[in-house]
>>> print(open('run.cif').read())   # mmCIF, N, CA and C atoms and all ligand atoms
data_input
#
loop_
_atom_site.label_atom_id
_atom_site.label_comp_id
_atom_site.auth_asym_id
_atom_site.auth_seq_id
_atom_site.Cartn_x
_atom_site.Cartn_y
_atom_site.Cartn_z
N MET A 1 70.54 56.71 -27.39
CA MET A 1 69.16 56.56 -27.80
C MET A 1 69.01 55.21 -28.51
N LEU A 2 67.93 54.53 -28.20
CA LEU A 2 67.63 53.23 -28.80
C LEU A 2 66.90 53.43 -30.12
N LYS A 3 67.34 52.72 -31.15
CA LYS A 3 66.68 52.81 -32.44
C LYS A 3 66.39 51.41 -32.95
N LEU A 4 65.33 51.30 -33.71
CA LEU A 4 64.99 50.04 -34.37
C LEU A 4 65.32 50.17 -35.84
N PHE A 5 65.73 49.09 -36.45
CA PHE A 5 65.91 49.09 -37.89
C PHE A 5 64.56 49.44 -38.54
N THR A 6 64.62 50.12 -39.68
CA THR A 6 63.42 50.59 -40.35
C THR A 6 62.45 49.46 -40.65
N VAL A 7 62.95 48.33 -41.11
CA VAL A 7 62.07 47.21 -41.45
C VAL A 7 61.33 46.71 -40.22
N VAL A 8 61.97 46.74 -39.07
CA VAL A 8 61.32 46.31 -37.83
C VAL A 8 60.25 47.33 -37.42
N CYS A 9 60.57 48.61 -37.58
CA CYS A 9 59.57 49.65 -37.28
C CYS A 9 58.31 49.46 -38.13
N MET A 10 58.51 49.16 -39.41
CA MET A 10 57.37 48.95 -40.30
C MET A 10 56.57 47.72 -39.86
N PHE A 11 57.27 46.66 -39.46
CA PHE A 11 56.59 45.45 -39.03
C PHE A 11 55.78 45.71 -37.76
N VAL A 12 56.37 46.41 -36.80
CA VAL A 12 55.67 46.73 -35.55
C VAL A 12 54.44 47.58 -35.85
N LYS A 13 54.59 48.57 -36.71
CA LYS A 13 53.46 49.43 -37.06
C LYS A 13 52.32 48.61 -37.68
N GLU A 14 52.66 47.72 -38.61
CA GLU A 14 51.65 46.88 -39.26
C GLU A 14 50.97 45.97 -38.23
N SER A 15 51.76 45.42 -37.31
CA SER A 15 51.20 44.51 -36.30
C SER A 15 50.23 45.23 -35.38
N VAL A 16 50.56 46.44 -35.00
CA VAL A 16 49.70 47.21 -34.10
C VAL A 16 48.42 47.63 -34.82
N MET A 17 48.53 47.90 -36.12
CA MET A 17 47.37 48.37 -36.88
C MET A 17 46.31 47.28 -37.06
N ILE A 18 46.69 46.00 -36.93
CA ILE A 18 45.71 44.94 -37.16
C ILE A 18 45.18 44.34 -35.86
N LEU A 19 45.26 45.07 -34.77
CA LEU A 19 44.84 44.53 -33.48
C LEU A 19 43.33 44.31 -33.37
N SER A 20 42.55 45.05 -34.11
CA SER A 20 41.11 45.01 -33.92
C SER A 20 40.45 43.64 -34.11
N PRO A 21 40.95 42.75 -35.03
CA PRO A 21 40.22 41.48 -35.17
C PRO A 21 40.53 40.46 -34.07
N PHE A 22 41.29 40.85 -33.03
CA PHE A 22 41.67 39.89 -31.99
C PHE A 22 40.79 40.00 -30.75
N GLN A 23 40.53 38.83 -30.16
CA GLN A 23 39.87 38.75 -28.86
C GLN A 23 40.83 38.03 -27.93
N VAL A 24 41.10 38.63 -26.77
CA VAL A 24 42.08 38.09 -25.83
C VAL A 24 41.37 37.72 -24.53
N ASP A 25 41.78 36.58 -23.94
CA ASP A 25 41.20 36.23 -22.64
C ASP A 25 42.28 36.27 -21.56
N ASP A 26 41.88 35.98 -20.33
CA ASP A 26 42.80 36.07 -19.20
C ASP A 26 43.91 35.02 -19.23
N HIS A 27 43.78 34.01 -20.08
CA HIS A 27 44.82 32.99 -20.22
C HIS A 27 45.78 33.33 -21.35
N TYR A 28 45.66 34.55 -21.87
CA TYR A 28 46.49 35.05 -22.98
C TYR A 28 46.28 34.23 -24.24
N GLU A 29 45.09 33.70 -24.40
CA GLU A 29 44.74 33.06 -25.65
C GLU A 29 44.16 34.14 -26.55
N VAL A 30 44.68 34.20 -27.76
CA VAL A 30 44.32 35.26 -28.69
C VAL A 30 43.58 34.63 -29.87
N TYR A 31 42.32 34.99 -30.01
CA TYR A 31 41.50 34.46 -31.10
C TYR A 31 41.37 35.53 -32.18
N CYS A 32 41.72 35.13 -33.40
CA CYS A 32 41.60 36.05 -34.52
C CYS A 32 40.25 35.83 -35.18
N VAL A 33 39.41 36.84 -35.16
CA VAL A 33 38.06 36.74 -35.72
C VAL A 33 38.13 36.50 -37.22
N ASP A 34 39.07 37.14 -37.90
CA ASP A 34 39.16 37.02 -39.35
C ASP A 34 39.58 35.62 -39.80
N THR A 35 40.61 35.06 -39.17
CA THR A 35 41.13 33.76 -39.60
C THR A 35 40.55 32.60 -38.80
N ARG A 36 39.89 32.91 -37.70
CA ARG A 36 39.32 31.91 -36.79
C ARG A 36 40.40 31.00 -36.21
N ARG A 37 41.58 31.55 -36.02
CA ARG A 37 42.68 30.79 -35.42
C ARG A 37 42.92 31.28 -34.00
N LEU A 38 43.35 30.34 -33.17
CA LEU A 38 43.64 30.63 -31.77
C LEU A 38 45.14 30.46 -31.54
N GLN A 39 45.77 31.47 -30.96
CA GLN A 39 47.18 31.40 -30.61
C GLN A 39 47.29 31.65 -29.11
N THR A 40 48.31 31.09 -28.50
CA THR A 40 48.52 31.29 -27.07
C THR A 40 49.85 31.97 -26.84
N VAL A 41 49.81 33.05 -26.07
CA VAL A 41 51.01 33.81 -25.71
C VAL A 41 51.42 33.40 -24.30
N SER A 42 52.72 33.21 -24.10
CA SER A 42 53.21 32.83 -22.77
C SER A 42 52.99 33.96 -21.78
N ARG A 43 52.93 33.60 -20.50
CA ARG A 43 52.66 34.61 -19.46
C ARG A 43 53.75 35.68 -19.40
N ASP A 44 54.99 35.31 -19.76
CA ASP A 44 56.07 36.30 -19.72
C ASP A 44 56.18 37.08 -21.04
N LEU A 45 55.29 36.80 -21.97
CA LEU A 45 55.20 37.49 -23.28
C LEU A 45 56.41 37.22 -24.17
N ASN A 46 57.22 36.23 -23.85
CA ASN A 46 58.41 35.96 -24.64
C ASN A 46 58.20 34.93 -25.74
N SER A 47 57.00 34.35 -25.82
CA SER A 47 56.76 33.42 -26.91
C SER A 47 55.26 33.35 -27.21
N CYS A 48 55.00 32.90 -28.42
CA CYS A 48 53.62 32.73 -28.89
C CYS A 48 53.57 31.44 -29.69
N SER A 49 52.43 30.79 -29.69
CA SER A 49 52.32 29.53 -30.40
C SER A 49 52.47 29.68 -31.92
N CYS A 50 52.41 30.90 -32.44
CA CYS A 50 52.63 31.09 -33.88
C CYS A 50 54.12 31.06 -34.22
N CYS A 51 55.00 31.15 -33.21
CA CYS A 51 56.45 31.04 -33.34
C CYS A 51 57.13 32.20 -34.06
N LEU A 52 56.40 33.23 -34.45
CA LEU A 52 57.04 34.35 -35.14
C LEU A 52 58.07 35.03 -34.26
N HIS A 53 57.73 35.26 -33.00
CA HIS A 53 58.64 35.96 -32.09
C HIS A 53 59.93 35.17 -31.91
N ILE A 54 59.83 33.87 -31.78
CA ILE A 54 61.02 33.02 -31.62
C ILE A 54 61.86 33.04 -32.89
N ASN A 55 61.21 32.92 -34.05
CA ASN A 55 61.93 32.81 -35.31
C ASN A 55 62.50 34.12 -35.81
N VAL A 56 61.78 35.23 -35.63
CA VAL A 56 62.18 36.51 -36.22
C VAL A 56 62.80 37.45 -35.19
N GLY A 57 62.39 37.33 -33.93
CA GLY A 57 62.94 38.20 -32.90
C GLY A 57 62.17 39.49 -32.74
N VAL A 58 60.97 39.52 -33.27
CA VAL A 58 60.10 40.70 -33.15
C VAL A 58 58.75 40.21 -32.64
N PRO A 59 58.13 40.91 -31.70
CA PRO A 59 56.82 40.46 -31.21
C PRO A 59 55.80 40.34 -32.34
N CYS A 60 55.02 39.28 -32.29
CA CYS A 60 53.96 39.09 -33.29
C CYS A 60 52.73 39.91 -32.89
N SER A 61 51.77 39.95 -33.77
CA SER A 61 50.54 40.72 -33.51
C SER A 61 49.79 40.16 -32.31
N HIS A 62 49.93 38.87 -32.01
CA HIS A 62 49.26 38.26 -30.86
C HIS A 62 49.83 38.79 -29.55
N ILE A 63 51.16 38.95 -29.52
CA ILE A 63 51.80 39.53 -28.33
C ILE A 63 51.35 40.98 -28.16
N PHE A 64 51.26 41.72 -29.28
CA PHE A 64 50.78 43.10 -29.18
C PHE A 64 49.33 43.13 -28.68
N ALA A 65 48.53 42.15 -29.10
CA ALA A 65 47.14 42.10 -28.65
C ALA A 65 47.07 41.89 -27.13
N VAL A 66 47.96 41.01 -26.61
CA VAL A 66 47.99 40.78 -25.16
C VAL A 66 48.49 42.04 -24.44
N LEU A 67 49.50 42.70 -25.00
CA LEU A 67 49.99 43.94 -24.38
C LEU A 67 48.87 44.97 -24.31
N ALA A 68 48.10 45.09 -25.37
CA ALA A 68 46.98 46.05 -25.37
C ALA A 68 45.91 45.62 -24.36
N TYR A 69 45.63 44.31 -24.31
CA TYR A 69 44.62 43.77 -23.39
C TYR A 69 45.00 44.03 -21.94
N THR A 70 46.31 43.92 -21.65
CA THR A 70 46.78 44.11 -20.27
C THR A 70 47.18 45.56 -19.98
N SER A 71 46.91 46.44 -20.93
CA SER A 71 47.19 47.87 -20.80
C SER A 71 48.66 48.19 -20.58
N HIS A 72 49.53 47.35 -21.15
CA HIS A 72 50.96 47.65 -21.14
C HIS A 72 51.29 48.56 -22.31
N ASP A 73 52.46 49.21 -22.24
CA ASP A 73 52.94 49.94 -23.40
C ASP A 73 53.12 48.94 -24.54
N LEU A 74 52.71 49.35 -25.74
CA LEU A 74 52.81 48.43 -26.87
C LEU A 74 54.25 48.19 -27.29
N PHE A 75 55.10 49.17 -27.13
CA PHE A 75 56.50 48.97 -27.49
C PHE A 75 57.29 48.57 -26.27
N GLN A 76 57.81 47.36 -26.29
CA GLN A 76 58.63 46.81 -25.21
C GLN A 76 59.98 46.45 -25.82
N PRO A 77 60.99 47.31 -25.65
CA PRO A 77 62.29 47.04 -26.27
C PRO A 77 62.88 45.68 -25.91
N ASP A 78 62.59 45.18 -24.71
CA ASP A 78 63.16 43.90 -24.32
C ASP A 78 62.53 42.72 -25.06
N LEU A 79 61.46 42.94 -25.80
CA LEU A 79 60.86 41.87 -26.60
C LEU A 79 61.42 41.82 -28.02
N VAL A 80 62.30 42.77 -28.34
CA VAL A 80 62.91 42.80 -29.67
C VAL A 80 64.32 42.24 -29.56
N ALA A 81 64.67 41.32 -30.46
CA ALA A 81 66.01 40.73 -30.45
C ALA A 81 67.07 41.80 -30.63
N ASP A 82 68.21 41.61 -29.98
CA ASP A 82 69.30 42.59 -30.04
C ASP A 82 69.73 42.91 -31.46
N ARG A 83 69.61 41.93 -32.36
CA ARG A 83 70.07 42.18 -33.73
C ARG A 83 69.25 43.25 -34.45
N TRP A 84 68.08 43.58 -33.93
CA TRP A 84 67.22 44.60 -34.54
C TRP A 84 67.35 45.95 -33.87
N LEU A 85 68.18 46.03 -32.84
CA LEU A 85 68.34 47.27 -32.09
C LEU A 85 69.69 47.91 -32.36
N THR A 86 69.72 49.21 -32.42
CA THR A 86 70.98 49.94 -32.52
C THR A 86 70.94 51.06 -31.49
N PHE A 87 72.09 51.46 -31.06
CA PHE A 87 72.17 52.58 -30.13
C PHE A 87 72.94 53.71 -30.81
N THR A 88 72.41 54.90 -30.69
CA THR A 88 73.09 56.05 -31.26
C THR A 88 73.32 57.09 -30.16
N ALA A 89 74.22 57.99 -30.43
CA ALA A 89 74.54 59.03 -29.45
C ALA A 89 73.47 60.11 -29.39
N PHE A 90 72.66 60.22 -30.45
CA PHE A 90 71.69 61.31 -30.51
C PHE A 90 70.28 60.79 -30.49
ZN ZN B 101 51.84 35.06 -32.38
#
>>> encode(input="run.cif", output="structure tokens")
Amino acid sequence: MLKLFTVVCMFVKESVMILSPFQVDDHYEVYCVDTRRLQTVSRDLNSCSCCLHINVGVPCSHIFAVLAYTSHDLFQPDLVADRWLTFTAF
């Protein structure tokens, strides 16, 4: 069974909870209504112009916004760095 470290679970939960202020377009540009900032997510969802995913190894809220926009499952284990994943027998 795949498990995430608790701190990563909390981060993912917080990121998903703040999806509402985002507007996403077909070019995967994510506009935050609250901050008035525009971020761009790569087509393969492996990077974002905010660099959080590259630096921390956990998808940022912009990537989650694109996943929601494209009707993908919000949790994509392959978007989480291996260092945050553990495997257990149960
Ligand atoms: Zn981002």
>>> residues_near_ligand(input="run.cif", ligand="ligand ZN 101 (chain B)", cutoff="8 Å", atoms="all atoms listed in the file", output="list in words")
Gln39, Thr40, Val41, Ser47, Cys48, Ser49, Cys50, Cys51, Leu52, His53, Pro59, Cys60, Ser61, His62, Ile63 and Phe64 of chain A
>>> closest_residue(input="run.cif", among="A:Met17, A:Leu79, A:Leu4, A:Thr70", to="Leu45 of chain A", atoms="only N, CA and C atoms")
A:Leu79
>>> residues_around(input="run.cif", residues="Asp34 of chain A", least_positions_apart="4", cutoff="12 Å", atoms="only C-alpha atoms", output="list in words")
Ile18, Leu19, Ser20, Pro21, Phe22, Gln23, Val30 and Leu38 of chain A
>>> atom_distance(input="run.cif", atom1="atom N of Gly57 of chain A", atom2="atom N of Ala81 of chain A")
5.8 Å
>>> atom_distance(input="run.cif", atom1="atom CA of Thr86 of chain A", atom2="atom CA of Lys13 of chain A")
18.1 Å
>>> atom_distance(input="run.cif", atom1="atom N of Phe5 of chain A", atom2="atom C of Val56 of chain A")
12.1 Å
>>> select_by_dssp(input="run.cif", residues="chain A", states="helix (DSSP H, G or I)", output="MDAnalysis selection string")
chainID A and resid 6:17 52:56 61:69 77:79 82:84
>>> select_by_dssp(input="run.cif", residues="chain A", states="strand (DSSP E)", output="PyMOL selection string")
chain A and resi 2-4+22-24+29-32+37-40+85-87
>>> closest_residue(input="run.cif", among="A:Arg83, A:Asp44, A:Ala68, A:Val33", to="Ser15 of chain A", atoms="only C-alpha atoms")
A:Ala68
>>> residues_near_point(input="run.cif", point="(49.5, 31.9, -22.4)", cutoff="6.5 Å", atoms="only N, CA and C atoms", output="ChimeraX atom specification")
/A:27-29,40-43
>>> write_last_selection(input="run.cif", atoms="N, CA and C atoms", output="mmCIF file, keeping the file's coordinate frame")
data_model
loop_
_atom_site.group_PDB
_atom_site.id
_atom_site.type_symbol
_atom_site.label_atom_id
_atom_site.label_comp_id
_atom_site.auth_asym_id
_atom_site.auth_seq_id
_atom_site.Cartn_x
_atom_site.Cartn_y
_atom_site.Cartn_z
ATOM 1 N N HIS A 27 43.780 34.010 -20.080
ATOM 2 C CA HIS A 27 44.820 32.990 -20.220
ATOM 3 C C HIS A 27 45.780 33.330 -21.350
ATOM 4 N N TYR A 28 45.660 34.550 -21.870
ATOM 5 C CA TYR A 28 46.490 35.050 -22.980
ATOM 6 C C TYR A 28 46.280 34.230 -24.240
ATOM 7 N N GLU A 29 45.090 33.700 -24.400
ATOM 8 C CA GLU A 29 44.740 33.060 -25.650
ATOM 9 C C GLU A 29 44.160 34.140 -26.550
ATOM 10 N N THR A 40 48.310 31.090 -28.500
ATOM 11 C CA THR A 40 48.520 31.290 -27.070
ATOM 12 C C THR A 40 49.850 31.970 -26.840
ATOM 13 N N VAL A 41 49.810 33.050 -26.070
ATOM 14 C CA VAL A 41 51.010 33.810 -25.710
ATOM 15 C C VAL A 41 51.420 33.400 -24.300
ATOM 16 N N SER A 42 52.720 33.210 -24.100
ATOM 17 C CA SER A 42 53.210 32.830 -22.770
ATOM 18 C C SER A 42 52.990 33.960 -21.780
ATOM 19 N N ARG A 43 52.930 33.600 -20.500
ATOM 20 C CA ARG A 43 52.660 34.610 -19.460
ATOM 21 C C ARG A 43 53.750 35.680 -19.400
#
>>> decode(input="run.cif", residues="segment 26-75 of chain A", atoms="N, CA and C atoms", output="PDB file, in the first residue's frame")
ATOM      1  N   ASP A  26      -7.373  26.723 -21.330  1.00  0.00           N
ATOM      2  CA  ASP A  26      -6.936  25.556 -22.083  1.00  0.00           C
ATOM      3  C   ASP A  26      -5.420  25.488 -22.272  1.00  0.00           C
ATOM      4  N   HIS A  27      -4.709  26.576 -21.988  1.00  0.00           N
ATOM      5  CA  HIS A  27      -3.250  26.590 -22.091  1.00  0.00           C
ATOM      6  C   HIS A  27      -2.605  26.283 -20.747  1.00  0.00           C
ATOM      7  N   TYR A  28      -3.429  25.856 -19.788  1.00  0.00           N
ATOM      8  CA  TYR A  28      -2.991  25.528 -18.425  1.00  0.00           C
ATOM      9  C   TYR A  28      -2.412  26.738 -17.717  1.00  0.00           C
ATOM     10  N   GLU A  29      -2.897  27.905 -18.066  1.00  0.00           N
ATOM     11  CA  GLU A  29      -2.544  29.103 -17.324  1.00  0.00           C
ATOM     12  C   GLU A  29      -3.554  29.227 -16.195  1.00  0.00           C
ATOM     13  N   VAL A  30      -3.030  29.414 -14.995  1.00  0.00           N
ATOM     14  CA  VAL A  30      -3.861  29.431 -13.794  1.00  0.00           C
ATOM     15  C   VAL A  30      -3.804  30.834 -13.196  1.00  0.00           C
ATOM     16  N   TYR A  31      -4.944  31.499 -13.188  1.00  0.00           N
ATOM     17  CA  TYR A  31      -5.032  32.852 -12.643  1.00  0.00           C
ATOM     18  C   TYR A  31      -5.673  32.783 -11.265  1.00  0.00           C
ATOM     19  N   CYS A  32      -4.967  33.355 -10.295  1.00  0.00           N
ATOM     20  CA  CYS A  32      -5.506  33.392  -8.935  1.00  0.00           C
ATOM     21  C   CYS A  32      -6.245  34.710  -8.746  1.00  0.00           C
ATOM     22  N   VAL A  33      -7.532  34.622  -8.507  1.00  0.00           N
ATOM     23  CA  VAL A  33      -8.369  35.816  -8.354  1.00  0.00           C
ATOM     24  C   VAL A  33      -7.937  36.611  -7.127  1.00  0.00           C
ATOM     25  N   ASP A  34      -7.575  35.920  -6.057  1.00  0.00           N
ATOM     26  CA  ASP A  34      -7.208  36.604  -4.815  1.00  0.00           C
ATOM     27  C   ASP A  34      -5.904  37.390  -4.941  1.00  0.00           C
ATOM     28  N   THR A  35      -4.875  36.774  -5.513  1.00  0.00           N
ATOM     29  CA  THR A  35      -3.558  37.426  -5.587  1.00  0.00           C
ATOM     30  C   THR A  35      -3.332  38.139  -6.916  1.00  0.00           C
ATOM     31  N   ARG A  36      -4.194  37.871  -7.884  1.00  0.00           N
ATOM     32  CA  ARG A  36      -4.070  38.430  -9.240  1.00  0.00           C
ATOM     33  C   ARG A  36      -2.766  38.018  -9.908  1.00  0.00           C
ATOM     34  N   ARG A  37      -2.300  36.833  -9.587  1.00  0.00           N
ATOM     35  CA  ARG A  37      -1.079  36.302 -10.194  1.00  0.00           C
ATOM     36  C   ARG A  37      -1.442  35.202 -11.177  1.00  0.00           C
ATOM     37  N   LEU A  38      -0.622  35.112 -12.218  1.00  0.00           N
ATOM     38  CA  LEU A  38      -0.814  34.104 -13.255  1.00  0.00           C
ATOM     39  C   LEU A  38       0.355  33.128 -13.210  1.00  0.00           C
ATOM     40  N   GLN A  39       0.061  31.846 -13.142  1.00  0.00           N
ATOM     41  CA  GLN A  39       1.091  30.809 -13.181  1.00  0.00           C
ATOM     42  C   GLN A  39       0.775  29.894 -14.358  1.00  0.00           C
ATOM     43  N   THR A  40       1.800  29.296 -14.909  1.00  0.00           N
ATOM     44  CA  THR A  40       1.614  28.383 -16.033  1.00  0.00           C
ATOM     45  C   THR A  40       2.098  26.996 -15.658  1.00  0.00           C
ATOM     46  N   VAL A  41       1.232  26.016 -15.873  1.00  0.00           N
ATOM     47  CA  VAL A  41       1.550  24.610 -15.595  1.00  0.00           C
ATOM     48  C   VAL A  41       1.915  23.945 -16.918  1.00  0.00           C
ATOM     49  N   SER A  42       2.962  23.127 -16.895  1.00  0.00           N
ATOM     50  CA  SER A  42       3.376  22.432 -18.121  1.00  0.00           C
ATOM     51  C   SER A  42       2.312  21.428 -18.544  1.00  0.00           C
ATOM     52  N   ARG A  43       2.312  21.100 -19.828  1.00  0.00           N
ATOM     53  CA  ARG A  43       1.297  20.183 -20.363  1.00  0.00           C
ATOM     54  C   ARG A  43       1.367  18.800 -19.717  1.00  0.00           C
ATOM     55  N   ASP A  44       2.570  18.386 -19.298  1.00  0.00           N
ATOM     56  CA  ASP A  44       2.702  17.065 -18.667  1.00  0.00           C
ATOM     57  C   ASP A  44       2.455  17.131 -17.153  1.00  0.00           C
ATOM     58  N   LEU A  45       2.128  18.304 -16.649  1.00  0.00           N
ATOM     59  CA  LEU A  45       1.809  18.544 -15.227  1.00  0.00           C
ATOM     60  C   LEU A  45       3.000  18.341 -14.303  1.00  0.00           C
ATOM     61  N   ASN A  46       4.199  18.264 -14.841  1.00  0.00           N
ATOM     62  CA  ASN A  46       5.372  18.026 -14.006  1.00  0.00           C
ATOM     63  C   ASN A  46       6.063  19.290 -13.536  1.00  0.00           C
ATOM     64  N   SER A  47       5.590  20.453 -13.977  1.00  0.00           N
ATOM     65  CA  SER A  47       6.192  21.678 -13.475  1.00  0.00           C
ATOM     66  C   SER A  47       5.196  22.830 -13.569  1.00  0.00           C
ATOM     67  N   CYS A  48       5.478  23.831 -12.762  1.00  0.00           N
ATOM     68  CA  CYS A  48       4.651  25.041 -12.722  1.00  0.00           C
ATOM     69  C   CYS A  48       5.593  26.226 -12.589  1.00  0.00           C
ATOM     70  N   SER A  49       5.194  27.353 -13.119  1.00  0.00           N
ATOM     71  CA  SER A  49       6.059  28.529 -13.063  1.00  0.00           C
ATOM     72  C   SER A  49       6.295  29.031 -11.639  1.00  0.00           C
ATOM     73  N   CYS A  50       5.520  28.574 -10.666  1.00  0.00           N
ATOM     74  CA  CYS A  50       5.769  28.969  -9.274  1.00  0.00           C
ATOM     75  C   CYS A  50       6.929  28.183  -8.668  1.00  0.00           C
ATOM     76  N   CYS A  51       7.360  27.099  -9.327  1.00  0.00           N
ATOM     77  CA  CYS A  51       8.518  26.281  -8.950  1.00  0.00           C
ATOM     78  C   CYS A  51       8.347  25.470  -7.669  1.00  0.00           C
ATOM     79  N   LEU A  52       7.188  25.493  -7.036  1.00  0.00           N
ATOM     80  CA  LEU A  52       7.012  24.724  -5.810  1.00  0.00           C
ATOM     81  C   LEU A  52       7.178  23.231  -6.067  1.00  0.00           C
ATOM     82  N   HIS A  53       6.591  22.732  -7.145  1.00  0.00           N
ATOM     83  CA  HIS A  53       6.659  21.302  -7.435  1.00  0.00           C
ATOM     84  C   HIS A  53       8.101  20.861  -7.659  1.00  0.00           C
ATOM     85  N   ILE A  54       8.875  21.660  -8.360  1.00  0.00           N
ATOM     86  CA  ILE A  54      10.279  21.327  -8.615  1.00  0.00           C
ATOM     87  C   ILE A  54      11.075  21.362  -7.316  1.00  0.00           C
ATOM     88  N   ASN A  55      10.846  22.387  -6.492  1.00  0.00           N
ATOM     89  CA  ASN A  55      11.645  22.566  -5.282  1.00  0.00           C
ATOM     90  C   ASN A  55      11.264  21.635  -4.147  1.00  0.00           C
ATOM     91  N   VAL A  56       9.970  21.342  -3.987  1.00  0.00           N
ATOM     92  CA  VAL A  56       9.499  20.574  -2.824  1.00  0.00           C
ATOM     93  C   VAL A  56       9.175  19.130  -3.190  1.00  0.00           C
ATOM     94  N   GLY A  57       8.767  18.888  -4.425  1.00  0.00           N
ATOM     95  CA  GLY A  57       8.429  17.532  -4.833  1.00  0.00           C
ATOM     96  C   GLY A  57       6.987  17.166  -4.580  1.00  0.00           C
ATOM     97  N   VAL A  58       6.164  18.171  -4.365  1.00  0.00           N
ATOM     98  CA  VAL A  58       4.728  17.962  -4.144  1.00  0.00           C
ATOM     99  C   VAL A  58       3.993  18.901  -5.096  1.00  0.00           C
ATOM    100  N   PRO A  59       2.933  18.440  -5.742  1.00  0.00           N
ATOM    101  CA  PRO A  59       2.205  19.339  -6.652  1.00  0.00           C
ATOM    102  C   PRO A  59       1.703  20.594  -5.939  1.00  0.00           C
ATOM    103  N   CYS A  60       1.830  21.715  -6.605  1.00  0.00           N
ATOM    104  CA  CYS A  60       1.331  22.978  -6.037  1.00  0.00           C
ATOM    105  C   CYS A  60      -0.177  23.095  -6.295  1.00  0.00           C
ATOM    106  N   SER A  61      -0.777  24.096  -5.716  1.00  0.00           N
ATOM    107  CA  SER A  61      -2.221  24.300  -5.879  1.00  0.00           C
ATOM    108  C   SER A  61      -2.580  24.578  -7.335  1.00  0.00           C
ATOM    109  N   HIS A  62      -1.655  25.134  -8.119  1.00  0.00           N
ATOM    110  CA  HIS A  62      -1.919  25.411  -9.542  1.00  0.00           C
ATOM    111  C   HIS A  62      -2.049  24.110 -10.326  1.00  0.00           C
ATOM    112  N   ILE A  63      -1.187  23.138 -10.000  1.00  0.00           N
ATOM    113  CA  ILE A  63      -1.285  21.826 -10.652  1.00  0.00           C
ATOM    114  C   ILE A  63      -2.602  21.156 -10.266  1.00  0.00           C
ATOM    115  N   PHE A  64      -2.991  21.278  -8.993  1.00  0.00           N
ATOM    116  CA  PHE A  64      -4.279  20.711  -8.584  1.00  0.00           C
ATOM    117  C   PHE A  64      -5.435  21.398  -9.316  1.00  0.00           C
ATOM    118  N   ALA A  65      -5.303  22.705  -9.546  1.00  0.00           N
ATOM    119  CA  ALA A  65      -6.353  23.429 -10.266  1.00  0.00           C
ATOM    120  C   ALA A  65      -6.487  22.905 -11.697  1.00  0.00           C
ATOM    121  N   VAL A  66      -5.337  22.621 -12.345  1.00  0.00           N
ATOM    122  CA  VAL A  66      -5.381  22.075 -13.706  1.00  0.00           C
ATOM    123  C   VAL A  66      -5.959  20.656 -13.685  1.00  0.00           C
ATOM    124  N   LEU A  67      -5.574  19.856 -12.692  1.00  0.00           N
ATOM    125  CA  LEU A  67      -6.132  18.504 -12.588  1.00  0.00           C
ATOM    126  C   LEU A  67      -7.652  18.565 -12.444  1.00  0.00           C
ATOM    127  N   ALA A  68      -8.139  19.482 -11.631  1.00  0.00           N
ATOM    128  CA  ALA A  68      -9.592  19.627 -11.458  1.00  0.00           C
ATOM    129  C   ALA A  68     -10.236  20.109 -12.759  1.00  0.00           C
ATOM    130  N   TYR A  69      -9.581  21.065 -13.424  1.00  0.00           N
ATOM    131  CA  TYR A  69     -10.097  21.621 -14.679  1.00  0.00           C
ATOM    132  C   TYR A  69     -10.213  20.551 -15.761  1.00  0.00           C
ATOM    133  N   THR A  70      -9.221  19.631 -15.780  1.00  0.00           N
ATOM    134  CA  THR A  70      -9.210  18.586 -16.804  1.00  0.00           C
ATOM    135  C   THR A  70      -9.924  17.317 -16.342  1.00  0.00           C
ATOM    136  N   SER A  71     -10.567  17.393 -15.186  1.00  0.00           N
ATOM    137  CA  SER A  71     -11.338  16.275 -14.624  1.00  0.00           C
ATOM    138  C   SER A  71     -10.500  15.029 -14.355  1.00  0.00           C
ATOM    139  N   HIS A  72      -9.225  15.236 -14.037  1.00  0.00           N
ATOM    140  CA  HIS A  72      -8.379  14.131 -13.615  1.00  0.00           C
ATOM    141  C   HIS A  72      -8.561  13.902 -12.116  1.00  0.00           C
ATOM    142  N   ASP A  73      -8.158  12.717 -11.650  1.00  0.00           N
ATOM    143  CA  ASP A  73      -8.110  12.494 -10.215  1.00  0.00           C
ATOM    144  C   ASP A  73      -7.149  13.512  -9.607  1.00  0.00           C
ATOM    145  N   LEU A  74      -7.540  14.075  -8.469  1.00  0.00           N
ATOM    146  CA  LEU A  74      -6.682  15.094  -7.857  1.00  0.00           C
ATOM    147  C   LEU A  74      -5.409  14.504  -7.285  1.00  0.00           C
ATOM    148  N   PHE A  75      -5.466  13.278  -6.819  1.00  0.00           N
ATOM    149  CA  PHE A  75      -4.253  12.667  -6.289  1.00  0.00           C
ATOM    150  C   PHE A  75      -3.589  11.833  -7.362  1.00  0.00           C
TER     151      PHE A  75
END
